[in-house]
file model17.txt (compact mmCIF, N, CA and C atoms)
# COMPACT_ATOMS: atom_id res chain seq x y z
N MET G 1 1.07 -0.10 -11.22
CA MET G 1 2.50 0.10 -11.36
C MET G 1 3.17 -0.30 -10.04
N PRO G 2 4.08 -1.29 -10.07
CA PRO G 2 4.72 -1.72 -8.82
C PRO G 2 5.78 -0.73 -8.35
N TYR G 3 5.81 -0.49 -7.06
CA TYR G 3 6.79 0.38 -6.42
C TYR G 3 7.44 -0.38 -5.29
N ASP G 4 8.61 0.06 -4.88
CA ASP G 4 9.31 -0.53 -3.74
C ASP G 4 9.30 0.48 -2.61
N ILE G 5 8.45 0.26 -1.61
CA ILE G 5 8.35 1.16 -0.47
C ILE G 5 8.96 0.47 0.73
N ASP G 6 10.13 0.97 1.16
CA ASP G 6 10.82 0.42 2.31
C ASP G 6 11.02 -1.09 2.15
N PHE G 7 11.52 -1.50 1.00
CA PHE G 7 11.83 -2.88 0.68
C PHE G 7 10.61 -3.78 0.57
N GLU G 8 9.45 -3.22 0.41
CA GLU G 8 8.24 -4.01 0.20
C GLU G 8 7.65 -3.59 -1.15
N VAL G 9 7.52 -4.54 -2.06
CA VAL G 9 6.95 -4.23 -3.37
C VAL G 9 5.44 -4.12 -3.21
N CYS G 10 4.87 -3.07 -3.78
CA CYS G 10 3.43 -2.89 -3.71
C CYS G 10 2.95 -2.28 -5.03
N VAL G 11 1.65 -2.33 -5.23
CA VAL G 11 1.02 -1.75 -6.42
C VAL G 11 0.40 -0.43 -5.99
N VAL G 12 0.79 0.65 -6.67
CA VAL G 12 0.27 1.97 -6.35
C VAL G 12 -0.92 2.26 -7.26
N CYS G 13 -2.05 2.64 -6.65
CA CYS G 13 -3.30 2.86 -7.38
C CYS G 13 -3.85 4.25 -7.07
N LEU G 14 -4.68 4.75 -7.97
CA LEU G 14 -5.32 6.04 -7.76
C LEU G 14 -6.54 5.89 -6.86
N ARG G 15 -6.79 6.91 -6.05
CA ARG G 15 -7.98 6.91 -5.19
C ARG G 15 -9.24 7.15 -6.02
N VAL G 16 -10.33 6.58 -5.57
CA VAL G 16 -11.62 6.79 -6.22
C VAL G 16 -11.99 8.27 -6.15
N ALA G 17 -11.64 8.94 -5.06
CA ALA G 17 -11.95 10.37 -4.90
C ALA G 17 -11.20 11.22 -5.92
N ASP G 18 -10.01 10.77 -6.33
CA ASP G 18 -9.21 11.54 -7.29
C ASP G 18 -9.59 11.24 -8.74
N MET G 19 -10.12 10.07 -9.01
CA MET G 19 -10.52 9.68 -10.36
C MET G 19 -11.83 8.91 -10.28
N PRO G 20 -12.97 9.60 -10.42
CA PRO G 20 -14.27 8.93 -10.28
C PRO G 20 -14.51 7.81 -11.30
N ILE G 21 -13.95 7.95 -12.49
CA ILE G 21 -14.13 6.93 -13.54
C ILE G 21 -12.74 6.48 -13.99
N PRO G 22 -12.41 5.18 -13.80
CA PRO G 22 -11.07 4.72 -14.19
C PRO G 22 -10.91 4.67 -15.71
N ARG G 23 -9.66 4.75 -16.17
CA ARG G 23 -9.38 4.72 -17.61
C ARG G 23 -9.28 3.31 -18.16
N MET G 24 -9.21 2.31 -17.30
CA MET G 24 -9.11 0.92 -17.74
C MET G 24 -10.02 0.07 -16.87
N PRO G 25 -10.32 -1.15 -17.30
CA PRO G 25 -11.16 -2.02 -16.47
C PRO G 25 -10.54 -2.20 -15.08
N SER G 26 -11.27 -1.80 -14.07
CA SER G 26 -10.76 -1.81 -12.70
C SER G 26 -11.84 -2.22 -11.72
N VAL G 27 -11.39 -2.56 -10.53
CA VAL G 27 -12.31 -2.89 -9.43
C VAL G 27 -11.94 -2.01 -8.24
N ARG G 28 -12.91 -1.73 -7.40
CA ARG G 28 -12.67 -0.94 -6.19
C ARG G 28 -12.14 -1.84 -5.09
N ARG G 29 -11.09 -1.38 -4.46
CA ARG G 29 -10.50 -2.06 -3.31
C ARG G 29 -10.16 -1.01 -2.28
N ARG G 30 -9.54 -1.41 -1.18
CA ARG G 30 -9.12 -0.50 -0.13
C ARG G 30 -7.60 -0.46 -0.08
N CYS G 31 -7.05 0.72 0.19
CA CYS G 31 -5.61 0.90 0.36
C CYS G 31 -5.17 0.06 1.55
N ALA G 32 -4.07 -0.66 1.40
CA ALA G 32 -3.56 -1.52 2.47
C ALA G 32 -3.08 -0.70 3.67
N HIS G 33 -2.83 0.58 3.46
CA HIS G 33 -2.31 1.40 4.55
C HIS G 33 -3.39 2.28 5.19
N CYS G 34 -4.06 3.12 4.38
CA CYS G 34 -5.02 4.08 4.96
C CYS G 34 -6.48 3.66 4.77
N HIS G 35 -6.72 2.60 4.04
CA HIS G 35 -8.05 2.03 3.81
C HIS G 35 -8.97 2.92 2.98
N ALA G 36 -8.40 3.88 2.23
CA ALA G 36 -9.22 4.68 1.31
C ALA G 36 -9.59 3.82 0.11
N GLN G 37 -10.71 4.12 -0.53
CA GLN G 37 -11.10 3.38 -1.73
C GLN G 37 -10.15 3.72 -2.87
N ILE G 38 -9.68 2.68 -3.57
CA ILE G 38 -8.77 2.86 -4.69
C ILE G 38 -9.25 2.03 -5.87
N TRP G 39 -8.79 2.41 -7.07
CA TRP G 39 -9.05 1.63 -8.27
C TRP G 39 -7.88 0.69 -8.50
N VAL G 40 -8.15 -0.61 -8.60
CA VAL G 40 -7.12 -1.59 -8.89
C VAL G 40 -7.43 -2.18 -10.26
N ALA G 41 -6.48 -2.07 -11.18
CA ALA G 41 -6.68 -2.59 -12.53
C ALA G 41 -6.86 -4.10 -12.48
N LYS G 42 -7.76 -4.60 -13.29
CA LYS G 42 -7.94 -6.05 -13.38
C LYS G 42 -6.65 -6.65 -13.90
N GLY G 43 -6.21 -7.72 -13.30
CA GLY G 43 -4.97 -8.36 -13.69
C GLY G 43 -3.74 -7.76 -13.01
N ALA G 44 -3.94 -6.93 -12.00
CA ALA G 44 -2.81 -6.34 -11.26
C ALA G 44 -2.08 -7.43 -10.49
N PRO G 45 -0.77 -7.27 -10.25
CA PRO G 45 -0.02 -8.28 -9.48
C PRO G 45 -0.62 -8.47 -8.09
N ALA G 46 -0.27 -9.57 -7.47
CA ALA G 46 -0.82 -9.92 -6.16
C ALA G 46 -0.15 -9.19 -5.00
N ALA G 47 0.66 -8.20 -5.26
CA ALA G 47 1.33 -7.43 -4.20
C ALA G 47 0.31 -6.56 -3.48
N PRO G 48 0.63 -6.08 -2.26
CA PRO G 48 -0.28 -5.18 -1.56
C PRO G 48 -0.58 -3.94 -2.39
N LYS G 49 -1.79 -3.44 -2.30
CA LYS G 49 -2.21 -2.26 -3.06
C LYS G 49 -2.29 -1.06 -2.12
N VAL G 50 -1.63 0.03 -2.51
CA VAL G 50 -1.67 1.26 -1.73
C VAL G 50 -2.03 2.42 -2.63
N CYS G 51 -2.59 3.47 -2.04
CA CYS G 51 -2.95 4.65 -2.82
C CYS G 51 -1.70 5.49 -3.08
N LEU G 52 -1.79 6.38 -4.05
CA LEU G 52 -0.66 7.22 -4.42
C LEU G 52 -0.22 8.12 -3.27
N LYS G 53 -1.18 8.58 -2.46
CA LYS G 53 -0.84 9.44 -1.32
C LYS G 53 0.03 8.70 -0.31
N CYS G 54 -0.29 7.43 -0.05
CA CYS G 54 0.50 6.65 0.90
C CYS G 54 1.87 6.29 0.33
N ALA G 55 1.96 6.16 -0.98
CA ALA G 55 3.23 5.78 -1.61
C ALA G 55 4.19 6.94 -1.73
N THR G 56 3.69 8.17 -1.67
CA THR G 56 4.55 9.35 -1.80
C THR G 56 4.31 10.27 -0.61
N GLY G 57 5.24 11.11 -0.35
CA GLY G 57 5.07 12.12 0.70
C GLY G 57 4.94 11.55 2.09
N ALA G 58 4.02 12.10 2.86
CA ALA G 58 3.84 11.71 4.26
C ALA G 58 3.40 10.26 4.39
N GLY G 59 2.68 9.76 3.40
CA GLY G 59 2.23 8.38 3.48
C GLY G 59 3.37 7.39 3.50
N ALA G 60 4.42 7.65 2.72
CA ALA G 60 5.56 6.73 2.66
C ALA G 60 6.27 6.66 4.00
N SER G 61 6.42 7.80 4.69
CA SER G 61 7.07 7.76 6.00
C SER G 61 6.21 7.00 7.01
N ALA G 62 4.90 7.12 6.88
CA ALA G 62 4.01 6.37 7.77
C ALA G 62 4.14 4.87 7.52
N ILE G 63 4.29 4.48 6.27
CA ILE G 63 4.47 3.06 5.96
C ILE G 63 5.80 2.58 6.54
N ARG G 64 6.86 3.39 6.41
CA ARG G 64 8.15 3.00 6.99
C ARG G 64 8.04 2.85 8.50
N ARG G 65 7.32 3.77 9.16
CA ARG G 65 7.13 3.66 10.61
C ARG G 65 6.42 2.37 10.95
N ARG G 66 5.37 2.04 10.21
CA ARG G 66 4.61 0.83 10.48
C ARG G 66 5.49 -0.40 10.30
N LYS G 67 6.31 -0.41 9.23
CA LYS G 67 7.18 -1.55 8.98
C LYS G 67 8.23 -1.67 10.09
N SER G 68 8.77 -0.54 10.58
CA SER G 68 9.77 -0.62 11.64
C SER G 68 9.13 -1.12 12.93
N GLU G 69 7.88 -0.75 13.19
CA GLU G 69 7.18 -1.27 14.36
C GLU G 69 6.98 -2.78 14.24
N GLN G 70 6.64 -3.25 13.05
CA GLN G 70 6.47 -4.69 12.84
C GLN G 70 7.80 -5.41 13.04
N HIS G 71 8.89 -4.78 12.59
CA HIS G 71 10.21 -5.38 12.75
C HIS G 71 10.57 -5.49 14.24
N ARG G 72 10.29 -4.44 15.02
CA ARG G 72 10.56 -4.49 16.46
C ARG G 72 9.76 -5.60 17.14
N LEU G 73 8.49 -5.74 16.77
CA LEU G 73 7.66 -6.81 17.35
C LEU G 73 8.23 -8.18 17.00
N HIS G 74 8.66 -8.34 15.75
CA HIS G 74 9.23 -9.60 15.31
C HIS G 74 10.49 -9.93 16.12
N GLU G 75 11.37 -8.93 16.31
CA GLU G 75 12.58 -9.15 17.10
C GLU G 75 12.25 -9.53 18.54
N ARG G 76 11.24 -8.87 19.11
CA ARG G 76 10.83 -9.17 20.48
C ARG G 76 10.33 -10.61 20.59
N ARG G 77 9.53 -11.04 19.62
CA ARG G 77 9.03 -12.42 19.64
C ARG G 77 10.18 -13.42 19.49
N GLN G 78 11.15 -13.12 18.61
CA GLN G 78 12.29 -14.01 18.44
C GLN G 78 13.12 -14.10 19.72
N HIS G 79 13.23 -12.98 20.42
CA HIS G 79 14.00 -12.95 21.66
C HIS G 79 13.31 -13.79 22.74
N LEU G 80 12.00 -13.82 22.75
CA LEU G 80 11.27 -14.58 23.77
C LEU G 80 11.35 -16.08 23.55
N HIS G 81 11.62 -16.49 22.32
CA HIS G 81 11.68 -17.93 22.03
C HIS G 81 13.01 -18.49 22.28
call {"tool": "encode", "arguments": {"input": "model17.txt", "output": "structure tokens"}}
result
Amino acid sequence: MPYDIDFEVCVVCLRVADMPIPRMPSVRRRCAHCHAQIWVAKGAPAAPKVCLKCATGAGASAIRRRKSEQHRLHERRQHLH
């Protein structure tokens, strides 16, 4: 299911720890944010995959912090050029 986290579209997936057996054909991947094992449905969009914990609650604020840090680095590089 695609979500928009801080203007970045991503696919939110369940963690392997939360669902040992997926309900649909899936493959194991790693969360793009916390690197926990997640189930990604076969045929999922090519957007970044994040676990439900990172997409909601404290995880979402951590993603926003990371994106703002990337934005600051980008501005710094543009200023140097």
call {"tool": "closest_residue", "arguments": {"input": "model17.txt", "among": "G:Pro22, G:Val27, G:Lys53, G:Ala46", "to": "Val9 (chain G)", "atoms": "only N, CA and C atoms"}}
result
G:Ala46
call {"tool": "atom_distance", "arguments": {"input": "model17.txt", "atom1": "atom N of Thr56 (chain G)", "atom2": "atom C of His33 (chain G)"}}
result
11.5 Å
call {"tool": "atom_distance", "arguments": {"input": "model17.txt", "atom1": "atom C of Val12 (chain G)", "atom2": "CA of Ala32 (chain G)"}}
result
10.8 Å
call {"tool": "closest_residue", "arguments": {"input": "model17.txt", "among": "G:Gln78, G:Leu52, G:Cys34, G:Lys42", "to": "Met19 (chain G)", "atoms": "only C-alpha atoms"}}
result
G:Leu52
call {"tool": "atom_distance", "arguments": {"input": "model17.txt", "atom1": "CA of Arg30 (chain G)", "atom2": "CA of Cys51 (chain G)"}}
result
8.5 Å
call {"tool": "residues_near_point", "arguments": {"input": "model17.txt", "point": "(-0.9, 2.3, -5.5)", "cutoff": "8 Å", "atoms": "all atoms listed in the file", "output": "count of residues only"}}
result
20
call {"tool": "axis_aligned_box", "arguments": {"input": "model17.txt", "around": "region 25-41 of chain G", "padding_each_side": "3 Å", "output": "AutoDock Vina command-line options"}}
result
--center_x -7.6 --center_y 0.3 --center_z -6.1 --size_x 16.6 --size_y 14.8 --size_z 28.5
